[in-house]
>>> print(open('run-v4.txt').read())   # compact mmCIF, C-alpha atoms
# COMPACT_ATOMS: atom_id res chain seq x y z
CA MET B 252 -126.67 0.47 -35.39
CA ASP B 253 -125.99 -3.14 -34.53
CA ASP B 254 -124.65 -3.77 -38.04
CA PHE B 255 -122.39 -0.72 -37.69
CA ALA B 256 -121.17 -1.67 -34.22
CA SER B 257 -120.27 -5.35 -34.99
CA PRO B 258 -117.83 -5.84 -37.97
CA THR B 259 -118.55 -8.56 -40.39
CA LYS B 260 -116.54 -11.83 -40.59
CA ALA B 261 -114.97 -10.76 -43.94
CA THR B 262 -113.63 -7.59 -42.38
CA SER B 263 -112.10 -9.54 -39.50
CA ARG B 264 -110.32 -11.91 -41.90
CA ARG B 265 -108.81 -9.00 -43.85
CA ARG B 266 -107.47 -7.39 -40.69
CA LEU B 267 -105.97 -10.68 -39.49
CA GLY B 268 -104.20 -11.25 -42.82
CA SER B 269 -102.72 -7.77 -42.73
CA SER B 270 -101.34 -8.32 -39.21
CA ARG B 271 -99.78 -11.63 -40.21
CA ARG B 272 -98.01 -10.04 -43.17
CA ALA B 273 -96.61 -7.30 -40.93
CA VAL B 274 -95.22 -9.82 -38.45
CA LEU B 275 -93.64 -11.95 -41.18
CA GLY B 276 -92.04 -8.89 -42.76
CA TRP B 277 -90.57 -7.84 -39.42
CA ILE B 278 -89.13 -11.35 -38.89
CA ALA B 279 -87.54 -11.37 -42.37
CA LEU B 280 -85.99 -7.94 -41.85
CA SER B 281 -84.54 -8.99 -38.48
CA ALA B 282 -83.07 -12.17 -39.95
CA CYS B 283 -81.39 -10.21 -42.76
CA THR B 284 -79.94 -7.72 -40.30
CA MET B 285 -78.60 -10.53 -38.09
CA SER B 286 -76.97 -12.27 -41.07
CA ILE B 287 -75.17 -9.10 -42.10
CA ASN B 288 -73.93 -8.52 -38.57
CA LEU B 289 -72.70 -12.10 -38.22
CA TYR B 290 -70.89 -11.94 -41.54
CA TYR B 291 -68.77 -9.00 -40.48
CA VAL B 292 -68.36 -9.93 -36.81
CA HIS B 293 -67.60 -13.67 -36.76
CA PRO B 294 -65.44 -15.33 -39.46
CA ARG B 295 -66.84 -18.81 -38.74
CA ALA B 296 -70.41 -17.56 -39.24
CA ALA B 297 -69.36 -15.78 -42.40
CA ALA B 298 -67.87 -19.00 -43.72
CA LEU B 299 -71.08 -20.89 -42.95
CA LEU B 300 -73.21 -18.23 -44.63
CA ARG B 301 -71.00 -18.56 -47.72
CA GLY B 302 -71.62 -22.28 -47.74
CA VAL B 303 -68.06 -23.34 -46.72
CA GLY B 304 -66.48 -24.75 -43.57
CA ARG B 305 -68.94 -27.57 -43.02
CA SER B 306 -66.18 -30.13 -42.53
CA GLY B 307 -64.82 -28.69 -39.26
CA VAL B 308 -62.60 -26.01 -37.76
CA ASP B 309 -59.67 -26.87 -40.04
CA ASP B 310 -61.60 -25.23 -42.85
CA TRP B 311 -61.79 -21.92 -41.07
CA PRO B 312 -60.32 -19.11 -43.13
CA ARG B 313 -56.55 -18.70 -42.47
CA PRO B 314 -55.65 -15.50 -40.59
CA ARG B 315 -53.50 -13.05 -42.41
CA ALA B 316 -49.78 -13.18 -41.52
CA ARG B 317 -48.78 -10.66 -38.89
CA ARG B 318 -46.78 -7.81 -40.30
CA HIS B 319 -44.08 -5.69 -38.70
CA GLY B 320 -43.59 -2.24 -40.09
CA GLY B 321 -45.80 -3.01 -43.06
CA GLU B 322 -43.94 -6.14 -44.18
CA GLY B 323 -42.68 -9.30 -42.46
CA ARG B 324 -38.97 -9.90 -41.93
CA LEU B 325 -37.23 -13.15 -42.79
CA PRO B 326 -34.09 -14.53 -41.16
CA GLY B 327 -31.08 -13.39 -43.11
CA GLY B 328 -32.74 -10.22 -44.38
CA GLY B 329 -35.25 -9.47 -47.11
CA ASN B 330 -38.98 -8.81 -46.87
CA ALA B 331 -41.61 -11.54 -46.83
CA THR B 332 -44.91 -11.10 -48.66
CA ASP B 333 -48.29 -12.80 -48.17
CA ASP B 334 -50.01 -14.97 -50.73
CA ASP B 335 -53.79 -14.77 -51.09
CA ASP B 336 -54.21 -17.60 -48.57
CA GLY B 337 -52.06 -15.85 -45.95
CA ARG B 338 -49.00 -18.10 -46.36
CA ARG B 339 -45.49 -16.62 -46.33
CA ARG B 340 -43.22 -16.75 -49.32
CA ALA B 341 -39.51 -15.81 -49.43
CA PRO B 342 -38.49 -12.69 -51.30
CA PRO B 343 -36.60 -12.97 -54.58
CA THR B 344 -32.91 -13.77 -54.13
CA SER B 345 -31.96 -10.32 -55.34
CA ASP B 346 -33.83 -8.77 -52.36
CA ARG B 347 -32.01 -10.74 -49.66
CA ALA B 348 -29.16 -9.39 -47.56
CA PRO B 349 -25.70 -10.39 -48.91
CA LEU B 350 -24.18 -13.53 -47.41
CA LEU B 351 -21.02 -13.18 -45.33
CA LEU B 352 -19.44 -16.32 -46.82
CA GLU B 353 -18.99 -16.31 -50.58
CA LYS B 354 -18.14 -19.10 -52.99
CA THR B 355 -14.75 -17.57 -53.72
CA ASP B 356 -13.60 -17.35 -50.09
CA SER B 357 -10.53 -19.43 -49.23
CA ILE B 358 -12.30 -21.57 -46.63
CA TYR B 359 -15.05 -22.58 -49.07
CA ARG B 360 -14.04 -22.36 -52.74
CA GLU B 361 -12.39 -25.80 -52.69
CA TYR B 362 -11.31 -28.32 -50.09
CA ASN B 363 -7.86 -27.76 -48.61
CA HIS B 364 -6.76 -29.71 -45.54
CA SER B 365 -5.08 -26.64 -44.05
CA MET B 366 -7.77 -24.08 -44.92
CA THR B 367 -11.18 -25.77 -44.84
CA PRO B 368 -12.67 -25.92 -41.32
CA ILE B 369 -13.92 -29.17 -39.81
CA VAL B 370 -17.65 -29.42 -39.03
CA ILE B 371 -19.24 -31.46 -36.23
CA PRO B 372 -22.97 -30.75 -36.58
CA HIS B 373 -24.00 -32.69 -33.46
CA TYR B 374 -22.06 -30.27 -31.26
CA LYS B 375 -22.50 -27.25 -33.58
CA LEU B 376 -18.71 -26.94 -33.83
CA LEU B 377 -16.72 -25.38 -36.65
CA PHE B 378 -13.01 -25.97 -36.02
CA PHE B 379 -10.19 -24.07 -37.76
CA THR B 380 -6.88 -25.89 -37.49
CA ILE B 381 -3.51 -24.09 -37.64
CA GLU B 382 -0.28 -25.93 -38.36
CA LYS B 383 2.30 -26.08 -35.57
CA THR B 384 -0.32 -25.55 -32.85
CA GLY B 385 -1.03 -29.17 -31.97
CA SER B 386 -3.19 -29.60 -35.08
CA THR B 387 -2.55 -33.35 -35.34
CA VAL B 388 -3.88 -34.05 -31.86
CA LEU B 389 -6.79 -31.66 -32.29
CA LYS B 390 -7.82 -33.42 -35.51
CA GLN B 391 -7.57 -36.72 -33.66
CA LEU B 392 -9.97 -35.23 -31.13
CA MET B 393 -12.37 -34.30 -33.95
CA ARG B 394 -12.26 -37.92 -35.18
CA ARG B 395 -12.95 -39.23 -31.69
CA MET B 396 -15.91 -36.88 -31.31
CA THR B 397 -17.37 -38.22 -34.56
CA GLY B 398 -17.24 -41.86 -33.50
CA HIS B 399 -13.94 -43.16 -34.90
CA ASP B 400 -12.51 -45.84 -32.63
CA ASP B 401 -9.13 -45.52 -34.37
CA TYR B 402 -9.00 -41.80 -33.59
CA TYR B 403 -5.38 -42.07 -32.45
CA TYR B 404 -4.12 -43.47 -35.76
CA HIS B 405 -1.64 -41.24 -37.61
CA GLY B 406 -0.60 -42.15 -41.13
CA GLY B 407 -1.80 -42.47 -44.71
CA GLY B 408 -3.34 -39.01 -44.65
CA ILE B 409 -5.13 -39.65 -41.34
CA PRO B 410 -6.10 -37.44 -39.52
CA HIS B 411 -5.23 -34.58 -41.87
CA ILE B 412 -7.07 -35.44 -45.09
CA ALA B 413 -10.84 -35.33 -44.69
CA ASN B 414 -11.91 -38.00 -47.19
CA VAL B 415 -9.66 -40.65 -45.63
CA SER B 416 -10.19 -39.49 -42.05
CA GLY B 417 -13.97 -39.59 -42.19
CA LEU B 418 -14.28 -35.95 -41.17
CA THR B 419 -16.96 -33.58 -42.44
CA VAL B 420 -15.79 -30.16 -43.66
CA LEU B 421 -17.41 -26.87 -44.62
CA THR B 422 -17.29 -27.54 -48.35
CA ASP B 423 -19.62 -30.53 -47.81
CA TYR B 424 -22.49 -28.09 -47.19
CA SER B 425 -24.45 -25.68 -49.34
CA LEU B 426 -23.47 -22.02 -49.29
CA GLU B 427 -26.59 -21.15 -47.27
CA GLU B 428 -25.87 -23.85 -44.67
CA ALA B 429 -22.23 -22.82 -44.45
CA ASN B 430 -23.24 -19.19 -43.87
CA GLU B 431 -25.48 -20.29 -41.01
CA MET B 432 -22.51 -22.06 -39.40
CA MET B 433 -20.29 -19.01 -39.88
CA THR B 434 -22.73 -16.49 -38.39
CA SER B 435 -25.13 -18.18 -35.97
CA ASP B 436 -24.66 -17.59 -32.24
CA GLU B 437 -25.59 -21.24 -31.71
CA TRP B 438 -22.37 -22.39 -33.36
CA THR B 439 -18.89 -22.44 -31.81
CA ARG B 440 -16.14 -21.34 -34.22
CA ALA B 441 -12.90 -22.37 -32.56
CA MET B 442 -9.15 -22.37 -33.14
CA PHE B 443 -5.95 -22.85 -31.14
CA VAL B 444 -3.00 -20.46 -31.48
CA ARG B 445 0.59 -20.34 -30.27
CA ASP B 446 3.29 -17.84 -29.40
CA PRO B 447 4.60 -16.73 -32.85
CA LYS B 448 8.28 -17.01 -31.90
CA GLU B 449 7.91 -20.61 -30.82
CA ARG B 450 5.69 -21.46 -33.80
CA CYS B 451 8.29 -19.97 -36.15
CA LEU B 452 11.08 -22.04 -34.63
CA SER B 453 8.91 -25.16 -34.67
CA GLY B 454 8.26 -24.68 -38.39
CA TYR B 455 11.99 -24.30 -39.03
CA LEU B 456 12.96 -27.36 -36.97
CA MET B 457 10.45 -29.51 -38.82
CA TRP B 458 10.93 -28.28 -42.39
CA ARG B 459 14.54 -27.10 -42.61
CA PRO B 460 16.67 -28.84 -45.25
CA ARG B 461 18.07 -32.14 -44.03
CA LYS B 462 20.39 -32.69 -46.97
CA PHE B 463 23.83 -31.12 -46.70
CA PHE B 464 25.85 -30.46 -49.81
CA PRO B 465 29.59 -31.24 -49.56
CA GLN B 466 31.80 -28.19 -49.27
CA SER B 467 33.20 -28.96 -52.72
CA VAL B 468 29.71 -28.52 -54.23
CA VAL B 469 29.15 -25.29 -52.32
CA THR B 470 32.53 -23.99 -53.53
CA ARG B 471 31.66 -24.79 -57.15
CA ALA B 472 28.33 -23.01 -56.71
CA GLN B 473 30.15 -19.96 -55.35
CA ARG B 474 32.34 -19.95 -58.45
CA GLY B 475 29.32 -20.37 -60.74
CA GLN B 476 30.53 -23.75 -62.03
CA LEU B 477 27.36 -25.87 -61.60
CA ASN B 478 25.34 -26.65 -64.70
CA LYS B 479 22.45 -28.75 -63.34
CA SER B 480 19.97 -28.44 -60.49
CA LEU B 481 20.77 -30.33 -57.30
CA VAL B 482 17.91 -29.02 -55.14
CA SER B 483 14.70 -31.07 -54.76
CA ASP B 484 11.32 -29.40 -54.44
CA SER B 485 9.20 -32.56 -54.36
CA VAL B 486 10.54 -34.92 -51.67
CA GLY B 487 12.03 -34.69 -48.21
CA MET B 488 11.39 -32.44 -45.24
CA GLY B 489 13.01 -29.48 -46.98
CA ARG B 490 10.85 -29.64 -50.10
CA HIS B 491 8.80 -26.52 -49.30
CA LEU B 492 11.87 -24.36 -48.84
CA GLY B 493 13.57 -26.07 -51.79
CA LYS B 494 10.65 -25.03 -53.99
CA CYS B 495 11.05 -21.42 -52.85
CA CYS B 496 14.79 -21.54 -53.60
CA LYS B 497 14.11 -22.76 -57.13
CA GLU B 498 11.44 -20.10 -57.69
CA GLN B 499 13.72 -17.32 -56.50
CA ALA B 500 16.72 -18.62 -58.47
CA ARG B 501 14.77 -18.43 -61.75
CA GLY B 502 16.99 -21.07 -63.35
CA ASP B 503 20.25 -20.11 -61.64
CA VAL B 504 21.30 -23.57 -60.41
CA ASN B 505 24.30 -22.15 -58.55
CA TYR B 506 22.08 -19.87 -56.49
CA GLU B 507 19.73 -22.78 -55.74
CA VAL B 508 22.57 -24.55 -53.90
CA LEU B 509 23.66 -21.38 -52.08
CA CYS B 510 20.07 -20.67 -51.06
CA TRP B 511 19.59 -24.23 -49.79
CA ASN B 512 22.88 -24.16 -47.95
CA HIS B 513 22.10 -20.83 -46.32
CA MET B 514 18.78 -22.07 -44.94
CA GLN B 515 20.54 -24.65 -42.81
CA THR B 516 20.70 -21.85 -40.24
CA PHE B 517 17.74 -20.23 -38.46
CA ASP B 518 18.85 -16.77 -39.59
CA GLY B 519 18.92 -18.00 -43.18
CA PHE B 520 15.40 -19.37 -42.73
CA LEU B 521 14.23 -15.97 -41.46
CA SER B 522 15.76 -14.33 -44.52
CA MET B 523 13.69 -16.67 -46.67
CA ILE B 524 10.31 -16.14 -44.94
CA GLY B 525 10.61 -12.40 -44.17
CA ASP B 526 9.21 -9.60 -46.30
CA PRO B 527 11.56 -7.60 -48.57
CA SER B 528 10.60 -4.53 -46.52
CA ASP B 529 12.62 -6.04 -43.68
CA VAL B 530 15.81 -5.40 -45.68
CA ASP B 531 17.75 -2.28 -44.77
CA GLY B 532 17.22 0.10 -47.64
CA GLY B 533 14.92 -2.39 -49.39
CA SER B 534 17.14 -2.50 -52.49
CA THR B 535 17.07 -5.38 -54.93
CA ILE B 536 20.33 -7.30 -55.18
CA GLU B 537 21.69 -7.60 -58.68
CA GLY B 538 24.69 -9.45 -60.10
CA GLU B 539 25.82 -12.97 -60.82
CA VAL B 540 27.38 -15.58 -58.60
CA GLY B 541 31.18 -15.63 -58.73
CA GLN B 542 31.75 -12.03 -59.83
CA GLY B 543 35.04 -10.54 -58.68
CA GLY B 544 35.72 -10.47 -54.98
CA ARG B 545 32.06 -10.67 -53.83
CA ASN B 546 31.37 -12.08 -50.36
CA LEU B 547 29.01 -14.77 -51.65
CA THR B 548 27.70 -15.84 -48.23
CA ALA B 549 26.59 -12.27 -47.49
CA TRP B 550 25.37 -11.89 -51.07
CA SER B 551 23.12 -14.97 -50.72
CA ASP B 552 21.60 -13.61 -47.53
CA GLN B 553 20.97 -10.22 -49.12
CA ARG B 554 19.34 -11.82 -52.13
CA LEU B 555 17.13 -13.93 -49.88
CA ARG B 556 16.08 -10.88 -47.89
CA ALA B 557 15.28 -8.91 -51.02
CA SER B 558 13.18 -11.72 -52.53
CA PRO B 559 9.44 -12.28 -51.90
CA PRO B 560 8.78 -14.26 -48.71
CA CYS B 561 8.50 -18.03 -48.89
CA LEU B 562 4.91 -18.60 -47.76
CA ASN B 563 3.69 -21.80 -46.16
CA GLN B 564 1.02 -22.54 -43.57
CA HIS B 565 3.59 -24.21 -41.30
CA TRP B 566 5.38 -20.94 -40.57
CA SER B 567 3.69 -17.97 -42.26
CA PRO B 568 1.82 -15.46 -40.04
CA VAL B 569 -1.64 -16.85 -39.30
CA THR B 570 -3.35 -13.55 -40.09
CA ARG B 571 -1.92 -13.62 -43.60
CA TRP B 572 -3.36 -16.97 -44.72
CA ARG B 573 -5.90 -18.46 -42.32
CA LEU B 574 -8.97 -16.28 -42.90
CA GLU B 575 -10.11 -13.29 -44.89
CA PRO B 576 -10.30 -10.22 -42.62
CA LYS B 577 -14.12 -10.22 -42.57
CA PHE B 578 -14.22 -13.57 -40.78
CA TRP B 579 -12.04 -12.83 -37.75
CA ARG B 580 -14.93 -11.26 -35.86
CA THR B 581 -16.89 -14.53 -36.13
CA ILE B 582 -14.33 -16.58 -34.15
CA ASN B 583 -15.83 -17.04 -30.68
CA PHE B 584 -13.36 -19.46 -29.06
CA VAL B 585 -9.56 -19.20 -29.01
CA GLY B 586 -7.37 -21.63 -27.12
CA HIS B 587 -3.59 -21.48 -26.62
CA LEU B 588 -1.15 -24.32 -27.10
CA GLU B 589 0.64 -23.12 -23.97
CA THR B 590 -2.49 -24.02 -21.97
CA ALA B 591 -3.82 -26.62 -24.41
CA ARG B 592 -4.89 -29.16 -21.81
CA HIS B 593 -7.02 -26.63 -19.98
CA ASP B 594 -8.36 -24.89 -23.06
CA ALA B 595 -9.32 -28.25 -24.56
CA LYS B 596 -11.42 -28.93 -21.46
CA ARG B 597 -12.91 -25.46 -21.65
CA LEU B 598 -13.89 -26.04 -25.28
CA LEU B 599 -15.44 -29.45 -24.64
CA ASP B 600 -17.32 -28.17 -21.58
CA ARG B 601 -18.74 -25.42 -23.77
CA LEU B 602 -20.04 -27.96 -26.30
CA HIS B 603 -21.60 -30.44 -23.85
CA PRO B 604 -21.42 -31.06 -20.09
CA ASP B 605 -20.16 -34.63 -20.62
CA ALA B 606 -17.86 -33.99 -23.60
CA TRP B 607 -14.63 -33.70 -21.59
CA GLU B 608 -15.24 -36.96 -19.73
CA ARG B 609 -16.11 -38.76 -22.96
CA PHE B 610 -13.40 -37.42 -25.25
CA GLY B 611 -10.68 -35.58 -23.33
CA ALA B 612 -10.21 -36.89 -19.80
CA SER B 613 -8.65 -40.20 -20.84
CA GLY B 614 -7.53 -42.23 -23.84
CA TRP B 615 -4.47 -40.11 -24.68
CA GLY B 616 -0.73 -40.41 -24.27
CA GLU B 617 1.57 -43.25 -25.28
CA HIS B 618 -0.38 -45.81 -23.25
CA ARG B 619 -3.82 -44.16 -23.65
CA ASN B 620 -4.01 -43.55 -19.92
CA GLU B 621 -3.69 -39.76 -19.90
CA SER B 622 -5.87 -36.76 -20.62
CA MET B 623 -5.34 -34.60 -23.69
CA PHE B 624 -2.03 -32.72 -23.70
CA GLU B 625 -1.20 -34.07 -20.24
CA SER B 626 2.31 -35.08 -21.25
CA ALA B 627 4.79 -34.84 -24.09
CA GLY B 628 3.55 -38.12 -25.50
CA THR B 629 0.27 -36.46 -26.50
CA VAL B 630 1.91 -34.12 -29.01
CA ARG B 631 4.17 -35.42 -31.75
CA HIS B 632 7.36 -33.19 -31.67
CA ALA B 633 6.64 -32.39 -28.00
CA VAL B 634 8.94 -30.08 -25.99
CA LYS B 635 11.33 -30.07 -28.93
CA THR B 636 10.89 -26.36 -29.54
CA GLU B 637 11.39 -25.37 -25.90
CA LYS B 638 14.67 -27.31 -25.85
CA PHE B 639 16.08 -25.38 -28.81
CA LEU B 640 14.84 -21.87 -28.02
CA SER B 641 18.05 -20.67 -26.43
CA ASN B 642 20.16 -22.29 -29.18
CA HIS B 643 18.47 -20.40 -32.00
CA PHE B 644 17.47 -17.11 -30.39
CA GLN B 645 21.02 -16.23 -29.42
CA ASN B 646 20.76 -12.45 -29.78
CA LYS B 647 18.16 -9.70 -29.62
CA GLU B 648 18.38 -8.97 -33.34
CA THR B 649 17.11 -12.47 -34.19
CA GLU B 650 14.23 -11.99 -31.77
CA ARG B 651 13.39 -8.58 -33.25
CA ARG B 652 13.42 -10.02 -36.77
CA VAL B 653 10.84 -12.64 -35.76
CA GLU B 654 8.71 -9.97 -34.09
CA ARG B 655 8.70 -7.92 -37.30
CA ILE B 656 7.74 -10.95 -39.41
CA TYR B 657 4.81 -11.83 -37.13
CA MET B 658 3.72 -8.33 -36.11
CA GLU B 659 0.37 -8.72 -37.92
CA ASP B 660 -0.42 -11.71 -35.68
CA TYR B 661 0.46 -9.78 -32.53
CA GLU B 662 -1.80 -6.94 -33.69
CA ASN B 663 -4.73 -9.22 -34.58
CA ALA B 664 -6.98 -8.95 -31.53
CA ALA B 665 -8.88 -12.09 -32.51
CA LEU B 666 -5.75 -14.21 -31.90
CA ASP B 667 -5.40 -12.99 -28.31
CA LEU B 668 -1.57 -12.96 -28.43
CA GLU B 669 0.91 -11.00 -26.35
CA LEU B 670 4.35 -9.80 -27.45
CA LEU B 671 6.60 -11.69 -25.02
CA LYS B 672 10.29 -12.34 -24.58
CA ILE B 673 11.70 -15.72 -25.53
CA GLY B 674 10.88 -18.38 -22.96
CA GLU B 675 8.14 -16.40 -21.19
CA SER B 676 5.07 -17.61 -23.09
CA GLY B 677 4.39 -20.73 -21.04
CA SER B 678 4.33 -19.05 -17.64
CA PHE B 679 2.52 -15.98 -18.96
CA TYR B 680 -0.39 -17.85 -20.56
CA ARG B 681 -0.75 -20.22 -17.61
CA LYS B 682 -0.97 -17.29 -15.24
CA ARG B 683 -3.43 -15.46 -17.48
CA PHE B 684 -5.60 -18.57 -17.76
CA THR B 685 -5.83 -18.76 -13.98
CA GLU B 686 -6.73 -15.07 -13.77
CA ARG B 687 -9.44 -15.39 -16.39
CA PHE B 688 -11.00 -18.71 -15.47
CA GLY B 689 -9.83 -19.35 -11.91
CA HIS B 690 -9.57 -22.91 -10.68
CA ALA B 691 -12.94 -24.05 -11.96
CA GLN B 692 -11.17 -26.38 -14.35
CA GLU B 693 -9.85 -28.41 -11.41
CA ILE B 694 -6.67 -29.11 -13.36
CA LEU B 695 -3.26 -28.11 -12.09
CA LEU B 696 -1.54 -25.66 -14.41
CA THR B 697 1.87 -27.26 -14.25
CA LYS B 698 3.06 -28.12 -17.75
CA THR B 699 3.24 -26.70 -21.20
CA TRP B 700 4.09 -28.61 -24.34
CA GLY B 701 5.21 -27.48 -27.75
CA GLY B 702 4.81 -29.24 -31.05
>>> encode(input="run-v4.txt", output="structure tokens")
Amino acid sequence: MDDFASPTKATSRRRLGSSRRAVLGWIALSACTMSINLYYVHPRAAALLRGVGRSGVDDWPRPRARRHGGEGRLPGGGNATDDDDGRRRAPPTSDRAPLLLEKTDSIYREYNHSMTPIVIPHYKLLFFTIEKTGSTVLKQLMRRMTGHDDYYYHGGGIPHIANVSGLTVLTDYSLEEANEMMTSDEWTRAMFVRDPKERCLSGYLMWRPRKFFPQSVVTRAQRGQLNKSLVSDSVGMGRHLGKCCKEQARGDVNYEVLCWNHMQTFDGFLSMIGDPSDVDGGSTIEGEVGQGGRNLTAWSDQRLRASPPCLNQHWSPVTRWRLEPKFWRTINFVGHLETARHDAKRLLDRLHPDAWERFGASGWGEHRNESMFESAGTVRHAVKTEKFLSNHFQNKETERRVERIYMEDYENAALDLELLKIGESGSFYRKRFTERFGHAQEILLTKTWGG
């Protein structure tokens, strides 16, 4: 009985060993379960269990890039994809959205001092100059803003030619960088415009032929007796129009002289720059100089009107040459020469709170003691156009002809122009400036200057 009631020592050892094995098995199973849970729940623990990440938190696995709509979007269009390590890579070029600016566009394909805009990266400014709208002074301003102490110098291609003026232009940048400048809301794309009638007259007054042929030469040309060219297309203030006369004459040296002689008048100039569609009936004039009984003065005017327009950035409609149509919507600042002093301040204030005080409030005028456009001395050819308006717009037909030539500028909303009667532009734009911007400029709207 006693032997049955009290187990032997061997039996006790067997039972103890079995219990120990059960406990150890339970511990191993729990540890395995915990490891699996940690692997799927905590990325750091998973990394440690894999034997990585012992050097610190920088070795933690990179999170996957956040996706929107299944794929990430990149600036400028196109879908981004993720590499195995979670980093972004740009899509192939063929998948990107098309660029607004192309290599073949007029403002980028090659440098041209009239076409290529000026770039001032520090102020995120892209400036589009237009001839006969104070462009000389505005380029001088660009030079002053870029640190040129001789900003007021005018000569030897300065300030008009970029490589001698020290100005940076759009063609100095890659196509991608240039597109950013042309489309980003952070950039100001600015230009100054002018009443088309006054700009037209200013172009004529500056570039009309200065050389007068003696009446004896004109008479010989009328009779068809000249046998060599007397018109220059390479020198002098009339060279641009002289070139057009030679192109239209197609070797007729007598017509070259008659064309040149006819453009001494403003009406003759309008006949040269207007479209053939402006001719009553639109017929092409045929015949030779000196044929029986022809009124050769009238014949020259008719031939000029029927010929293709003489195009030049100093007088041609801005809409026709300044920008391709797709770019007009990108212009986000337009100033007017009629209110140039006040619009210059508005532009500089837009770029930086201190820009007007630094670059526009002083250092201008004949004695460098005026603000920009404060007086006639600021603009080369100042008030000249206003003085001659009444002399050259002597009848309504002349005014209507100019309106027809520049109608595309009046209809271009980006240029912010109004169709006004001769002599009304100054007062109109000054009044409109006050209505739009009030007196915040703290500048009296008292003067307007042409150029």
>>> closest_residue(input="run-v4.txt", among="B:Phe578, B:Tyr506, B:Trp458, B:Trp607", to="Met432 of chain B", atoms="all atoms listed in the file")
B:Phe578
>>> residues_around(input="run-v4.txt", residues="segment 559-575 of chain B", least_positions_apart="3", cutoff="7 Å", atoms="only C-alpha atoms", output="ChimeraX atom specification")
/B:366,382-383,450-451,454,495,523-527,578-579,657,659-660
>>> closest_residue(input="run-v4.txt", among="B:Asp436, B:Asp400, B:Glu662, B:Glu608", to="Asn583 of chain B", atoms="all atoms listed in the file")
B:Asp436
>>> atom_distance(input="run-v4.txt", atom1="atom CA of Ile371 of chain B", atom2="atom CA of Thr419 of chain B")
6.9 Å
>>> residues_around(input="run-v4.txt", residues="Asp600 of chain B", least_positions_apart="5", cutoff="12 Å", atoms="all atoms listed in the file", output="list in words")
Tyr374, Thr439, His593, Asp594, Ala595, Asp605, Ala606, Trp607, Glu608, Arg609, Phe610, Gly611, Ala612, Ala691 and Gln692 of chain B
>>> atom_distance(input="run-v4.txt", atom1="atom CA of Glu669 of chain B", atom2="atom CA of Phe624 of chain B")
22.1 Å
>>> axis_aligned_box(input="run-v4.txt", around="segment 578-597 of chain B", padding_each_side="4 Å", output="AutoDock Vina command-line options")
--center_x -8.1 --center_y -20.2 --center_z -30.4 --size_x 25.5 --size_y 25.9 --size_z 28.8
>>> residues_around(input="run-v4.txt", residues="segment 496-500 of chain B", least_positions_apart="2", cutoff="10 Å", atoms="only C-alpha atoms", output="count of residues only")
27
>>> residues_around(input="run-v4.txt", residues="Tyr680 of chain B", least_positions_apart="4", cutoff="7 Å", atoms="only C-alpha atoms", output="PyMOL selection string")
chain B and resi 589-590+676+684
>>> closest_residue(input="run-v4.txt", among="B:Ile412, B:Ser522, B:Leu481, B:Lys577", to="Ala557 of chain B", atoms="all atoms listed in the file")
B:Ser522
